[in-house]
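Accompanying notes for the structure given below.
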Amino acid sequence: LLPSLHYHGLEHTKDVTRAAERIALMEGITDEGIFLLKTAANYHDAGFIEQYDANEPIGVKMAQKILPKYGYEQSHIEIIKNLIHATTVPHKPNNHLEQIICDADLDYLGRDDFWDISNKLKQELMEHGKIKGDREWDELQVKFFNIHKYFTSSAIKLRKEKKDIHLQQIMKKLEEDNY
């Protein structure tokens with residue numbers, strides 16, 4: 001992975017994998033479901049190895065190539081493929097497992113470590129020429145927060161309240177205009 005992937009690096013992948021497992025257990029998903037979710041979480045941003053934008057199809061191709069060597073059945077690979085595609089923003093999950101991986105992918109929005117992780121994403125986007133500065137970043141975050149939603153009852157219960165607080169803090173910062 002490129003060193004400029006301050007957010008979409010190995011730590012994010014581990015974080016999403018842990019969050020997927022936690023949410024799955026809270027949602028009553030066990031065994032095969034957790035196994036498939038964790039596998040998809042490990043591949044959901046693997047495409048960043050090759051390109052920054054539209055990386056999910058690359059992660060799918062990697063999973064399709066590698067997973068059969070480890071005994072994954074075609075039916076499992078199809079589910080994993082759909083789970084990886086579900087992490088494309090904006091999220092549009094089609095089933096419960098896809099809802100879980102979407103919630104896991106953006107779990108940090110409602111956590112205490114939000115600001116640290118958010119700053120890593122801001123730095124990454126700036127280095128990749130996607131944004132120019134702090135105000136533009138905060139404006140982008142407000143737009144994103146307003147279209148984002150958690151899908152599972154567990155993520156809503158666990159993360160929505162803190163996410164709403166973070167949104168209010170960002171909006172206050174924009175209102176104060178101290179950039």
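Just remember, in the structure tokens the first chain shown is A, the second B, etc., residues are 1-based per chain, and ligands are 1-based in the order shown.
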
Original post:
chain A: which residues are alpha helix (DSSP H) by DSSP, as a VMD selection string?
Top reply: chain A and resid 10 to 26 31 to 43 56 to 66 74 to 86 96 to 105 114 to 127 134 to 147 153 to 155 161 to 176

Original post:
So which residues touch region 152-164 of chain A within 7 Å, counting only C-alpha atoms, skipping near sequence neighbours fewer than 6 positions away, as JSON, numbers by chain?
Top reply: {"A": [23, 26, 27, 99, 100, 103, 109, 110, 111]}

Original post:
When distances are computed from only C-alpha atoms, which of A:His166, A:Arg18, A:Lys173, A:Lys81 shows the smallest separation from Glu139 (chain A)?
Top reply: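 Counting only C-alpha atoms, the residue closest to Glu139 (chain A) is A:Lys173.
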
Subject >> Within 12 Å of region 88-94 of chain A using only C-alpha atoms, minus same-chain residues under 6 positions, as number ranges by chain >> reply: A: 44-45, 47, 53-57, 59-60, 79, 81-82, 100-106, 143-152

**OP:** Find the residues around His8 (chain A) up to 9 Å (only C-alpha atoms counted), leave out those fewer than 5 positions away in its own chain, and share them as a list in words.
**Re:** Leu1, Thr13, Asp45, Phe48, Lys120, Leu121 and Glu124 of chain A

**OP:** Using only C-alpha atoms, find the one residue out of A:Ala41, A:Ile117, A:Ile77, A:Leu10 that sits nearest to Lys65 (chain A).
**Re:**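 Smallest separation from Lys65 (chain A) among the options: A:Ile77.
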
Subject >> Which residue of A:Leu97, A:Leu2, A:Ile165, A:Leu67 approaches Ala20 (chain A) most closely, using only C-alpha atoms >> reply: A:Leu97
